[in-house]
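For reference, the structure is listed below as structure tokens.
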Amino acid sequence: MTEKSLPPAVTYPNALPTLAFITLILAINTSVLAEPKAKQYDIPEGSLATVLNSLAETSDLQVVYDTRLTQDINSRGLNGSYTDDTALRQLLAGTGLSYTLANGTVTIQPLAKQANPSPQNPTTLPTMTVTGKAEYDPDIVRDPYNEDYVLPNATSGTKTDTPIMETPLNVQVISKQVLKDQQVISLDQALKNVSGITSNSNGSGNVTFGGTNQSFFIRGFESETFFRNGFRLQQGGANRQMANVESVEVLKGAAAILYGQVEPGGMVNVVTKQPLATPYYALGQQFGSYDLYRTTIDATGPIDNQDRLLYRMNMSYQNNNTFREFNGKEDVFLAPVLKWNISPRTQATLELEYDHQHLGLDTGFVPLFNDKIFSVPRNRNYGGYSPSTTETVYGGFNGSHQFNDDWSIKHHFSVNQQNIAQPHFVFPIATDGVDVSRQLNSYDTQNNTYATSLDLTGHFDTAWLHHTLLIGGDYYRVDSVFKNSVSDPLSNINLLNPVQPGTPFTQPLYPLVINTSRTDQYGAYIQDQIKLPHNVHVMGGIRYQNFHQDHVADFPSYDFVLPSVQSNDAVTPRVGILWQAKNWLSLYANYVENFGVNTAFTFTPDNKPVPPTEGEQYEGGIKTEFFDGRLRATLAYYDLTKTNVPTSDPNHPGFSILTGAVRSRGPELDISGEILPGWNVITTYANTNARIIKTEETGYQAVGTRFWNVPRNTGSVWSTYELQAGTMRGFKFGGGVTVRDGVTACCSFPAFQLPGYATVGLLVAYSADVGKSKVTAQLNIDNLLDNHYTSNLFSNYNAPVGFNAGNADFGTPRTFMGSVNIQY
């Protein structure tokens, strides 16, 4: 019995911008009414007890603490204008202590204890006063108990840890609290919180990896590349575990000046958890729909008594099925980190990751009839069980030294080795309306990436100009081997009533192709961030990069070898300007160029590679912050053009056709943070107008048509509220809506449309202190209304009698995810 197709989801593209505007106005009004007053402080560095006394003597607060808590602890002091809360956070940063503030009385307590202690030997201090905005402190940001939705700084845009409000780029950060609230277990789930990003699990429509790849569309352009602490990972690396992820940074627009081979739409940088000087331990158990079980462990602290050697260990085990047939998954993940504080100015960090994934492959095959998806149950997998094993080992070394207060140097070396074994991949390829034809394949893929980078950062003044200078270089080497064996003739299985395993494959596998490549990429760059009077910030930089690739395609069964060599270089600039008119308001603009080398090939007699791609972007926007930076909004408009865009060739699988140029432009809005104590919100909206403006292939793509699988309107709203007092203190509830327009399916000629859709999510959680531990029970529901939808479609093969076939991303039905977490 086939499943009835549902009517297209109704979307309201104007509703999200209106809701976002209302949220922003509410935030502004609340900010004006509730912004706490700041006070001026000048308290020198010293022992914590002395600093607290000095703070109390100059303020209107009464401070109570156990004198034993402050023994042998120093504080950096205060110099500037601070509110009461920001002053206390600044003084206690890195001390392992926290505070509660009620009715003018401050109680100092150990960080791990959330309840108010009954201090022994209390010392009551006189009153205190403070003014200004606290400086960025990484210890506060990395605090495991930090529940902020907004982080003040990001490294992705400039590599110099610049405040986002002073960066003339569009940078968004997804904090660990957002990841916790939404129970994120994959990178694509996290990126729903950023405007203008959608995901695709089939990776460029290349179904040869059956879902082991994951790609993202950022500002309309697809990328399989993501970054781990600034280290570029390609070829399916985005399908990673999230157990050791601290936050996720997204830089919109071209990032080639600092990172080289990056799509012009933007980059995704995963920031991993680092060792802490304060011991911390956490155990989490998740359980959900389709027999999902996931266990996580997080442990960190010092190894020695002087906090010179610090460690962190993250582990996870995941086992689950999915709503699709034969598509279960088992994942074992380990991530130890060791940090050596050689001196106050010199640190060295060694990081390792091991990930072993075993899963059932699924190409998302769907029959198409008269340019529409043929109605079949959404759980159907015509390929049957096709096992895949992916083993990834990552090793990294980071060293840094600060010569003085102004100059520092950082060195990074990383190795990432990934092997994907798919020995028996039953690959559905076409249908005649009665049966589905399938081919037996075997794939073995090895991707090894070696990289090193060196950055010198300096701060100096010339006259009335304050400079932050970055000079650096990087080198990447990528070695890839791809082996594909096939079997003829094909196997068939009934379209409407498939009975696995279908007709047998009667011939053994034979080697079809062995692709071997070595890619070397060199880059050198310089960037200067200049602060002028009147809070004007100017940024300029330039990069030289050189790319060389040797590629050999060996067809053993045909005794045919096809070598190819690519060598390209380019110089790419980036300039930006920002005016911080108020401490809560910044206006910015930037111009960026991008250069990238295509590794795809066109189906021509000489099998020539697609020419290098170039990108050019203009962008302007407004950034706002309220409540001491706890709520931030960014409104931007961009105009981005990319040339020489490869697209899957529907008539020659494995090859590409060339789109001359694609232009993407439109507004984007991101709002995230805390409106009132306990009330957090994320609102996103993007209008992505991505269209073909030049074509090299006649009869395939018309100028002016929408680019493949890019929705015009996307948006989301997510909000949570946690009760702050009373018997229900610690109770949290929330939910959200994600909306997407319809898309033009790739690469059907003539093209047809997939309808848009909307999904609803809910959250309920309760946290309580049990002794020295914090225990949290949580339940999330995704796709509450059980909407049936298809987010992407790649049409790859032609068949007779009006039938065609494609590979689709099916939306996950309603799912439940429960969890119990213990932190100590």
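Ligands are numbered from 1 in the order shown, chains are lettered A, B, ... in the order of the structure tokens, and residues start at 1 in each chain.
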Please provide as a list in words all residues within 6 Å of stretch 273-278 of chain A, with the sequence filter that same-chain residues fewer than 2 positions apart are discarded (counting only C-alpha atoms).
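With the cut-off at 6 Å, the set is Asn244, Val245, Glu246, Thr300, Gly301, Pro302, Leu310, Tyr311 and Arg312 of chain A.
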Would you write out, as a tab-separated table, a table of all residues in stretch 160-180 of chain A that have an atom no more than 10 Å from an atom of stretch 667-687 of chain A, listing for each the closest atom pair and the distance in Å to one decimal, considering only C-alpha atoms and ordering rows by chain and rising residue number?
residue	atom	partner	partner_atom	distance
A:Asn170	CA	A:Glu668	CA	9.8
A:Val171	CA	A:Asp670	CA	10.0
A:Gln172	CA	A:Asp670	CA	8.0
A:Val173	CA	A:Ser672	CA	9.4
A:Ile174	CA	A:Ser672	CA	9.2
A:Val178	CA	A:Ile682	CA	9.2
Pairwise distance for atom CA of A:Asn515 and atom CA of A:Pro563, rounded to one decimal in Å
9.6 Å
A:Tyr259 proximity check over A:Ser59, A:Gln545, A:Ser767, A:Gln617, using only C-alpha atoms: winner is A:Gln545
With distances taken over only C-alpha atoms, which residue among A:Glu619, A:Glu625, A:Glu722, A:Asp741 lies nearest A:Ser664?
A:Glu619
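Distances to A:Leu352 were evaluated for A:Asp298, A:Ile692, A:Asp554, A:Ser414 using only C-alpha atoms, and the minimum falls at A:Ser414.
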Spatial neighbours of A:Arg294, max dist 9 Å, only C-alpha atoms, sep filter under 3 positions, as a list of chain:residue names:
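The residues that qualify are A:Gly284, A:Gln285, A:Gln286, A:Phe287, A:Gly288, A:Ser316, A:Tyr317, A:Gln318, A:Asn319, A:Asn320.
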Find the residues around A:Thr613 up to 8 Å (only C-alpha atoms counted), leave out those fewer than 5 positions away in its own chain, and share them as a VMD selection string.
chain A and resid 595 to 598 642 to 645
Could you turn the residues from that selection into a file that holds N, CA and C atoms, as a PDB file, in the first residue's frame?
ATOM      1  N   PHE A 595      38.699  33.187  -4.706  1.00  0.00           N
ATOM      2  CA  PHE A 595      39.272  32.363  -5.770  1.00  0.00           C
ATOM      3  C   PHE A 595      39.256  30.917  -5.305  1.00  0.00           C
ATOM      4  N   GLY A 596      38.825  30.026  -6.173  1.00  0.00           N
ATOM      5  CA  GLY A 596      38.810  28.616  -5.832  1.00  0.00           C
ATOM      6  C   GLY A 596      39.048  27.763  -7.058  1.00  0.00           C
ATOM      7  N   VAL A 597      39.587  26.580  -6.853  1.00  0.00           N
ATOM      8  CA  VAL A 597      39.885  25.661  -7.941  1.00  0.00           C
ATOM      9  C   VAL A 597      38.835  24.566  -7.956  1.00  0.00           C
ATOM     10  N   ASN A 598      38.232  24.347  -9.105  1.00  0.00           N
ATOM     11  CA  ASN A 598      37.260  23.271  -9.269  1.00  0.00           C
ATOM     12  C   ASN A 598      37.975  21.946  -9.517  1.00  0.00           C
ATOM     13  N   LYS A 642      29.331  34.385  -8.397  1.00  0.00           N
ATOM     14  CA  LYS A 642      30.323  33.316  -8.529  1.00  0.00           C
ATOM     15  C   LYS A 642      30.345  32.844  -9.976  1.00  0.00           C
ATOM     16  N   THR A 643      31.544  32.696 -10.532  1.00  0.00           N
ATOM     17  CA  THR A 643      31.695  32.250 -11.918  1.00  0.00           C
ATOM     18  C   THR A 643      32.138  30.801 -11.979  1.00  0.00           C
ATOM     19  N   ASN A 644      31.952  30.179 -13.158  1.00  0.00           N
ATOM     20  CA  ASN A 644      32.388  28.798 -13.420  1.00  0.00           C
ATOM     21  C   ASN A 644      31.878  27.830 -12.357  1.00  0.00           C
ATOM     22  N   VAL A 645      30.550  27.778 -12.221  1.00  0.00           N
ATOM     23  CA  VAL A 645      29.916  26.923 -11.220  1.00  0.00           C
ATOM     24  C   VAL A 645      29.633  25.549 -11.835  1.00  0.00           C
TER      25      VAL A 645
END
Mind giving me the straight-line distance from atom CA of A:Thr759 to atom CA of A:Ile197 in Å, one decimal?
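The value is 15.9 Å.
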For each of A:His537, A:Lys159, A:His401, A:His424, take the minimum atom-to-atom distance to A:Tyr525, counting only C-alpha atoms, then give the residue where this is smallest.
A:Lys159
Nearest to A:Glu353: which of A:Tyr281, A:Ala243, A:Ser81, A:Asp405 is it, counting only C-alpha atoms?
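That would be A:Ala243, the residue with the smallest distance to A:Glu353.
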For A:Ala777, which residue among A:Gln306, A:Ser98, A:Gln183, A:Asn492 is the nearest when counting only C-alpha atoms?
A:Gln183
Close residues, stretch 781-786 of chain A itself excluded, 7 Å, only C-alpha atoms, min 6 positions apart in chain, as an mmCIF file with N, CA and C atoms, in the first residue's frame:
data_model
loop_
_atom_site.group_PDB
_atom_site.id
_atom_site.type_symbol
_atom_site.label_atom_id
_atom_site.label_comp_id
_atom_site.auth_asym_id
_atom_site.auth_seq_id
_atom_site.Cartn_x
_atom_site.Cartn_y
_atom_site.Cartn_z
ATOM 1 N N THR A 759 8.181 23.338 9.958
ATOM 2 C CA THR A 759 8.218 22.360 11.046
ATOM 3 C C THR A 759 8.195 23.090 12.382
ATOM 4 N N VAL A 760 7.653 22.416 13.387
ATOM 5 C CA VAL A 760 7.504 22.984 14.726
ATOM 6 C C VAL A 760 8.255 22.109 15.719
ATOM 7 N N GLY A 761 8.960 22.737 16.655
ATOM 8 C CA GLY A 761 9.675 22.010 17.696
ATOM 9 C C GLY A 761 9.291 22.503 19.067
ATOM 10 N N LEU A 762 9.359 21.629 20.072
ATOM 11 C CA LEU A 762 9.033 21.979 21.455
ATOM 12 C C LEU A 762 10.139 21.503 22.392
ATOM 13 N N LEU A 763 10.235 22.164 23.534
ATOM 14 C CA LEU A 763 11.229 21.832 24.568
ATOM 15 C C LEU A 763 10.593 21.965 25.936
ATOM 16 N N PRO A 813 10.229 12.511 10.019
ATOM 17 C CA PRO A 813 8.912 12.642 10.661
ATOM 18 C C PRO A 813 9.042 13.131 12.106
ATOM 19 N N ARG A 814 7.899 13.191 12.782
ATOM 20 C CA ARG A 814 7.898 13.608 14.185
ATOM 21 C C ARG A 814 8.838 12.712 15.000
ATOM 22 N N THR A 815 9.710 13.326 15.782
ATOM 23 C CA THR A 815 10.641 12.569 16.614
ATOM 24 C C THR A 815 10.641 13.121 18.032
ATOM 25 N N PHE A 816 10.915 12.241 18.978
ATOM 26 C CA PHE A 816 11.036 12.599 20.384
ATOM 27 C C PHE A 816 12.475 12.331 20.822
ATOM 28 N N MET A 817 13.019 13.232 21.631
ATOM 29 C CA MET A 817 14.368 13.060 22.157
ATOM 30 C C MET A 817 14.351 13.437 23.640
#
Name the residues in contact with A:Leu585 at a cut-off of 9 Å, using only C-alpha atoms, excluding same-chain residues fewer than 6 positions from it; report them as a short mmCIF file (atom, residue, chain, number, x, y, z; two decimals) with N, CA, C and O atoms, in the first residue's frame.
data_model
loop_
_atom_site.label_atom_id
_atom_site.label_comp_id
_atom_site.auth_asym_id
_atom_site.auth_seq_id
_atom_site.Cartn_x
_atom_site.Cartn_y
_atom_site.Cartn_z
N MET A 165 31.09 43.22 17.40
CA MET A 165 30.59 44.57 17.15
C MET A 165 31.64 45.47 16.52
O MET A 165 31.32 46.56 16.05
N TRP A 579 31.61 51.65 11.60
CA TRP A 579 31.49 52.80 12.50
C TRP A 579 30.61 52.39 13.67
O TRP A 579 29.44 52.08 13.48
N ILE A 622 23.88 46.46 9.56
CA ILE A 622 23.75 47.11 10.86
C ILE A 622 23.83 46.03 11.93
O ILE A 622 23.20 44.97 11.80
N LYS A 623 24.60 46.30 12.99
CA LYS A 623 24.66 45.41 14.14
C LYS A 623 24.22 46.18 15.38
O LYS A 623 24.60 47.34 15.56
N THR A 624 23.45 45.51 16.23
CA THR A 624 23.02 46.14 17.49
C THR A 624 23.21 45.17 18.64
O THR A 624 23.11 43.95 18.47
N GLU A 625 23.48 45.73 19.82
CA GLU A 625 23.61 44.94 21.05
C GLU A 625 22.87 45.66 22.17
O GLU A 625 22.88 46.89 22.25
#
Could you name the residues that touch stretch 321-331 of chain A at 10 Å or less, counting only C-alpha atoms, but leaving out those on the same chain fewer than 5 positions away, as number ranges by chain?
A: 211, 241, 289-294, 316, 355-362, 364, 377-391, 810-815
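Going from atom CA of A:Ser716 to atom CA of A:Lys192 covers 7.5 Å.
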Give me every strand (DSSP E or B) residue in stretch 312-413 of chain A, going by DSSP on the backbone, as a PyMOL selection string.
chain A and resi 312-320+329-343+346-360+365-369+372-373+387-402+407-413
